[in-house]
Every structure is written in structure tokens, then in C-alpha cells.
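The next block holds one structure in the form of C-alpha cells; read it before the comments.
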Amino acid sequence: MDGMDKIAKAIEDYLARTGYAALDLRCALFDMDGVLFDSMPRHAASWVQVMAENDIEFTEQDAYMNEGRTGASTIKMAMARCGRPVATDEEVKRIYASKCNLFNAMGETPTIAGADRLAQTMREAGLALSIVTGSTQHSLLQRIETAYPGLFELDKIVTALDVKHGKPDPEPYMMGQRKMGAMPWQTLVVENAPLGVEAGNASGAFTVAINTGPLDDKVLTDSGADLLFATMDEFRTALPELTRLTRRN
Ligand code: CA
């Protein structure tokens with residue numbers, strides 16, 4: 001199947017799974033870690049270290065498989081998994097603060113190659129852009145405007161602080177859609193992690209996975225990605241065909 005057929009088939013499958021009459025893209029919601037910033041290796045390393053310091057079993061693979069969960073949810077899940085009593089809010093806060101300190105000590109996080117060009121091309125195609133993240137990492141949130149100047153609607157960002165249920169629950173992406181004034185069939189989600197893809201899919205948005213990490217592609221397609229690309233540039237190259245097939249006008 002060539003690239004164009006792949007996109008047409010993905011849209012056909014999306015309409016079949018959602019029951020919507022058409023895909024009519026008006027906005028794109030970007031995840032932050034692993035999509036805008038190449039932060040996941042550092043998140044994984046800081047999670048592994050802080051969990052070990054607290055005698056909680058946690059591997060780098062766990063970090064990637066649970067990417068997108070809020071910090072609190074990750075800590076509670078890992079403690080429950082190794083049979084530890086339910087964590088108090090203070091304990092969760094202390095562990096998460098310690099994880100954030102470790103992460104911040106690693107210095108300025110690089111951006112993901114090509115994410116700026118992809119976002120720029122989407123803007124030129126008439127899409128409004130915002131961000132939906134399970135993070136509350138101030139060091140990254142504060143860098144969005146300097147790393148991606150003028151591209152994202154910063155007053156419409158959804159963070160872990162805005163939602164009751166984090167990814168894989170659809171709430172964060174549904175809230176992102178409300179903030180953007182967009183219906184699910186007008187929304188493109190850009191994700192890199194299984195739980196994020198699951199959340200995007202469950203919100204009814206057309207969900208594109210970019211595999212920027214170490215997991216198998218299959219993990220992302222099994223989570224419900226409508227399309228999968230290896231790099232931001234590969235997605236950017238496919239974007240004209242996607243917008244051509246999705247604009248009703
Ligand atoms: Ca992510």
C-alpha cells in the first residue's frame with residue numbers, strides 16, 4: 001500500500017470505528033513529552049532513580065509503557081503493583097517533587113527533531129494548535145513559547161492540573177477539544193505513547209502516533225493509532241494528502 005492509499009484507508013477505518021459522517025480537521029492537539037520535547041529518556045531515568053530510592057520496583061520499560069499518566073497516578077500504580085500500602089498525598093507529593101528535581105537537574109531538554117516544521121505546516125494548512133499533557137513540569141511548559149514561538153494557543157493548553165482523570169482516560173483530549181471549540185471529528189491528536197494514543201482514540205479524535213521512543217510500533221497501533229509515522233518529517237510529508245482528503249469545504 002503506498003502512502004496515499006494508507007491515508008485514505010486510515011480515514012475510512014476511522015469513520016467506520018467512530019460512526020462519524022466525515023473527518024473535517026480544524027485543530028491539532030499535541031502531546032508534550034516525546035512529541036514536542038525529547039524528554040522521555042530523562043523522565044525514564046529520573047523515574048527509575050526516584051523509585052529505587054523509595055524501594056519501589058520500576059524499570060525504564062515501565063516508564064515508557066506508563067508515559068502520559070500523571071505523576072501521582074504513576075507513583076500509586078507502581079506502589080500498588082509491588083504490594084505497598086496506598087500512598088498518602090504527602091508521600092506522593094514528596095516522591096513526585098523529588099522526581100521533578102532530578103529531571104530539572106539534567107539541564108535543558110532538546111526539542112523533537114522536525115516538530116517545529118510539522119506544527120508550522122499545520123498552521124499554514126489552517127489548523128489551530130494546542131497542547132494536552134499529563135505533565136505539570138513547569139520547566140517544559142514555560143519553554144513552549146521560546147521553542148515553538150507563535151505556534152500554539154497557550155491559553156488553551158490542558159495539563160494534569162486541569163483534569164480529574166489523566167490519560168488513558170479520554171478526559172484530557174475531550175477537554176482540549178472543548179477549549180478549542182472543536183468536535184472530535186475536527187480534531188487531530190499527535191501522540192507518541194500507548195496510553196496517550198488510547199486517550200486520543202477514546203476521545204473520538206483522529207489519532208496519529210509518531211514513534212519517537214523505544215517501543216515496538218505494534219504497541220502504538222494496538223493502542224488505537226489511526227496512523228503511525230517514524231518521524232515528524234514523515235508525518236509532515238503526508239500532511240497535504242491528509243488535509244486534502246479531510247476538507248469538505
Ligand atoms: Ca508523550
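Chain labels A, B, ... are given in the sequence in which chains occur in the C-alpha cells; within each chain residues are numbered consecutively from 1, and ligands are likewise numbered from 1 in the order shown.
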
Practice item. Name the residues, by chain letter and number, that sit within 7 Å of ligand 1 using only C-alpha atoms and all ligand atoms, and give them as an MDAnalysis selection string. Key: chainID A and resid 31:35 67:68 191:193 196

Restricting the output to all heavy atoms, write the selected residues as a CSV table (one decimal), in the first residue's frame.
chain,number,residue,atom,x,y,z
A,31,ASP,N,0.5,16.2,22.2
A,31,ASP,CA,1.1,15.8,23.5
A,31,ASP,C,2.5,16.6,23.6
A,31,ASP,O,3.0,17.1,22.6
A,31,ASP,CB,1.3,14.3,23.4
A,31,ASP,CG,2.1,13.8,24.6
A,31,ASP,OD1,1.7,14.1,25.8
A,31,ASP,OD2,3.0,13.1,24.4
A,32,MET,N,3.0,16.6,24.8
A,32,MET,CA,4.2,17.4,25.0
A,32,MET,C,5.5,16.5,25.1
A,32,MET,O,6.4,16.6,24.3
A,32,MET,CB,4.1,18.3,26.3
A,32,MET,CG,5.4,19.2,26.5
A,32,MET,SD,5.1,20.4,27.8
A,32,MET,CE,5.3,19.4,29.2
A,33,ASP,N,5.6,15.6,26.1
A,33,ASP,CA,6.8,14.8,26.3
A,33,ASP,C,6.9,13.8,25.2
A,33,ASP,O,5.9,13.0,25.0
A,33,ASP,CB,6.7,14.1,27.6
A,33,ASP,CG,6.9,15.1,28.8
A,33,ASP,OD1,8.1,15.6,28.9
A,33,ASP,OD2,6.0,15.5,29.5
A,34,GLY,N,8.0,13.7,24.5
A,34,GLY,CA,8.1,12.7,23.4
A,34,GLY,C,7.5,13.2,22.1
A,34,GLY,O,7.7,12.5,21.1
A,35,VAL,N,6.8,14.3,22.1
A,35,VAL,CA,6.3,14.9,20.8
A,35,VAL,C,6.9,16.2,20.6
A,35,VAL,O,7.4,16.5,19.5
A,35,VAL,CB,4.7,14.9,20.9
A,35,VAL,CG1,4.2,15.7,19.8
A,35,VAL,CG2,4.1,13.5,20.9
A,67,GLU,N,3.9,6.1,30.1
A,67,GLU,CA,4.1,7.5,29.7
A,67,GLU,C,2.7,8.1,29.5
A,67,GLU,O,1.9,7.5,28.8
A,67,GLU,CB,4.9,7.6,28.5
A,67,GLU,CG,5.1,9.0,28.0
A,67,GLU,CD,5.8,9.0,26.6
A,67,GLU,OE1,6.4,8.0,26.2
A,67,GLU,OE2,5.8,10.1,26.0
A,68,GLY,N,2.5,9.3,30.0
A,68,GLY,CA,1.2,10.0,29.8
A,68,GLY,C,0.4,10.0,31.0
A,68,GLY,O,-0.5,10.9,31.2
A,191,GLU,N,0.4,12.0,19.1
A,191,GLU,CA,0.9,11.3,20.4
A,191,GLU,C,2.1,10.5,20.1
A,191,GLU,O,2.4,10.1,18.9
A,191,GLU,CB,-0.2,10.4,20.9
A,191,GLU,CG,-1.1,11.0,21.9
A,191,GLU,CD,-0.4,11.1,23.3
A,191,GLU,OE1,0.7,10.6,23.4
A,191,GLU,OE2,-1.0,11.8,24.2
A,192,ASN,N,2.8,10.0,21.1
A,192,ASN,CA,3.9,9.1,20.9
A,192,ASN,C,3.8,7.9,21.9
A,192,ASN,O,4.7,7.0,21.8
A,192,ASN,CB,5.2,9.8,21.3
A,192,ASN,CG,5.4,10.1,22.7
A,192,ASN,OD1,4.5,10.7,23.3
A,192,ASN,ND2,6.5,9.6,23.3
A,193,ALA,N,2.8,7.9,22.8
A,193,ALA,CA,2.8,6.8,23.8
A,193,ALA,C,1.5,6.1,23.8
A,193,ALA,O,0.5,6.6,23.5
A,193,ALA,CB,3.1,7.5,25.2
A,196,GLY,N,-1.4,7.6,25.7
A,196,GLY,CA,-1.9,8.8,25.1
A,196,GLY,C,-2.7,8.5,23.8
A,196,GLY,O,-3.7,9.2,23.5

For Pro168 of chain A, find every residue with an atom within 6 Å (counting only C-alpha atoms), except residues of its own chain fewer than 2 positions away, and show them as a CSV table (one decimal) with all heavy atoms, in the first residue's frame.
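Output (part-v9.csv):
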chain,number,residue,atom,x,y,z
A,195,LEU,N,-0.6,5.0,26.2
A,195,LEU,CA,-1.7,5.5,26.9
A,195,LEU,C,-2.3,6.8,26.3
A,195,LEU,O,-3.5,7.1,26.4
A,195,LEU,CB,-1.4,5.7,28.4
A,195,LEU,CG,-0.9,4.5,29.2
A,195,LEU,CD1,-0.6,4.9,30.6
A,195,LEU,CD2,-1.9,3.4,29.1
A,196,GLY,N,-1.4,7.6,25.7
A,196,GLY,CA,-1.9,8.8,25.1
A,196,GLY,C,-2.7,8.5,23.8
A,196,GLY,O,-3.7,9.2,23.5
A,198,GLU,N,-4.3,5.8,23.3
A,198,GLU,CA,-5.6,5.2,23.8
A,198,GLU,C,-6.6,6.4,24.2
A,198,GLU,O,-7.7,6.3,23.8
A,198,GLU,CB,-5.3,4.4,25.0
A,198,GLU,CG,-6.3,3.4,25.4
A,198,GLU,CD,-5.9,2.6,26.6
A,198,GLU,OE1,-4.7,2.2,26.7
A,198,GLU,OE2,-6.8,2.3,27.5
A,199,ALA,N,-6.0,7.4,24.8
A,199,ALA,CA,-6.9,8.6,25.2
A,199,ALA,C,-7.4,9.3,24.0
A,199,ALA,O,-8.5,9.7,24.0
A,199,ALA,CB,-6.1,9.5,26.2

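Using only C-alpha atoms, the residues found no farther than 12 Å from Leu161 of chain A, other than those of its own chain fewer than 3 positions away, are Thr70, Gly71, Ala72, Val132, Thr133, Gly134, Ser135, Thr136, Gln137, His138, Ile157, Val158, Lys164, His165, Gly166, Pro172 and Met175 of chain A.
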
Write to file, as a compact mmCIF listing (two decimals), in the first residue's frame, the residues of the selection just made, with C-alpha atoms.
# COMPACT_ATOMS: atom_id res chain seq x y z
CA THR A 70 0.07 11.86 35.75
CA GLY A 71 2.97 11.69 38.22
CA ALA A 72 0.60 10.82 41.08
CA VAL A 132 -2.66 18.28 26.02
CA THR A 133 -0.19 16.89 28.55
CA GLY A 134 -0.29 14.72 31.66
CA SER A 135 2.68 16.70 32.93
CA THR A 136 2.88 19.64 35.28
CA GLN A 137 6.60 20.06 34.55
CA HIS A 138 6.93 23.85 34.70
CA ILE A 157 -3.32 24.12 26.98
CA VAL A 158 -4.58 21.21 29.14
CA LYS A 164 -9.78 14.65 37.17
CA HIS A 165 -8.76 11.61 35.15
CA GLY A 166 -5.46 11.61 33.25
CA PRO A 172 -7.78 15.41 28.77
CA MET A 175 -11.24 19.00 27.46

Practice item. Do a neighbour search on Ile11 of chain A at 9 Å with only C-alpha atoms, toss out local chain neighbours closer than 2 positions, and write the hits as an MDAnalysis selection string. Key: chainID A and resid 6:9 13:16 22:23 206 226:227 242 245:246

Keeping only N, CA and C atoms, take the residues you just selected and write them out as a compact mmCIF listing (two decimals), in the first residue's frame.
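Just written: out-v4.txt:
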# COMPACT_ATOMS: atom_id res chain seq x y z
N LYS A 6 -2.60 4.51 2.11
CA LYS A 6 -2.54 4.29 3.55
C LYS A 6 -3.38 5.33 4.30
N ILE A 7 -3.32 6.57 3.84
CA ILE A 7 -4.07 7.64 4.50
C ILE A 7 -5.57 7.50 4.22
N ALA A 8 -5.92 7.21 2.96
CA ALA A 8 -7.34 7.03 2.62
C ALA A 8 -7.94 5.88 3.43
N LYS A 9 -7.19 4.79 3.56
CA LYS A 9 -7.65 3.63 4.32
C LYS A 9 -7.81 3.99 5.81
N ASP A 13 -11.22 3.70 7.93
CA ASP A 13 -11.30 2.92 9.18
C ASP A 13 -11.74 3.79 10.35
N TYR A 14 -11.25 5.04 10.40
CA TYR A 14 -11.63 5.97 11.47
C TYR A 14 -13.14 6.23 11.42
N LEU A 15 -13.69 6.48 10.23
CA LEU A 15 -15.12 6.76 10.11
C LEU A 15 -15.93 5.52 10.48
N ALA A 16 -15.40 4.35 10.15
CA ALA A 16 -16.11 3.10 10.49
C ALA A 16 -16.10 2.90 12.01
N ALA A 22 -17.91 12.38 8.53
CA ALA A 22 -16.72 12.85 7.82
C ALA A 22 -15.67 13.31 8.82
N LEU A 23 -14.44 13.29 8.39
CA LEU A 23 -13.35 13.87 9.16
C LEU A 23 -13.10 15.24 8.55
N PHE A 206 -9.09 11.92 15.50
CA PHE A 206 -8.22 11.16 14.59
C PHE A 206 -6.82 11.20 15.19
N ASP A 226 -4.64 5.77 14.57
CA ASP A 226 -5.25 5.73 13.24
C ASP A 226 -4.17 5.73 12.17
N LEU A 227 -3.07 6.39 12.44
CA LEU A 227 -1.91 6.40 11.53
C LEU A 227 -0.66 6.40 12.38
N LEU A 242 -3.44 14.19 3.81
CA LEU A 242 -4.42 14.06 4.89
C LEU A 242 -5.41 15.24 4.86
N LEU A 245 -7.83 15.09 1.86
CA LEU A 245 -8.90 14.10 1.95
C LEU A 245 -9.90 14.43 3.05
N THR A 246 -9.59 15.41 3.92
CA THR A 246 -10.45 15.65 5.08
C THR A 246 -11.17 16.99 5.04

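Proximity of A:Leu129, A:Met183, A:Leu239, A:Ile75 to Lys93 of chain A, computed with only C-alpha atoms, is greatest for A:Ile75.
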
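Interatomic distance, atom CA of Thr159 of chain A against atom CA of Pro184 of chain A: 18.9 Å.
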
Practice item. Apply DSSP to the structure's backbone, then extract all residues of segment 166-206 of chain A labelled helix (DSSP H, G or I) and return them as a PyMOL selection string. Key: chain A and resi 171-180+184-186+194-202

Practice item. Name all residues at most 6 Å from segment 46-49 of chain A (count only C-alpha atoms; drop same-chain ones fewer than 6 positions away) and give them as a ChimeraX atom specification. Key: /A:58-59,99,102-103

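The spacing separating atom CA of Thr237 of chain A from atom CA of Thr207 of chain A amounts to 16.8 Å.
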
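Distance annotation: of A:Ser203, A:Thr212, A:Thr231, A:Thr121, the residue with the minimal separation from Pro41 of chain A is A:Thr212; atom set is only C-alpha atoms.
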
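Nearest residue to Met180 of chain A among A:Val92, A:Ala147, A:Val163, A:Cys27 is A:Cys27, counting only C-alpha atoms.
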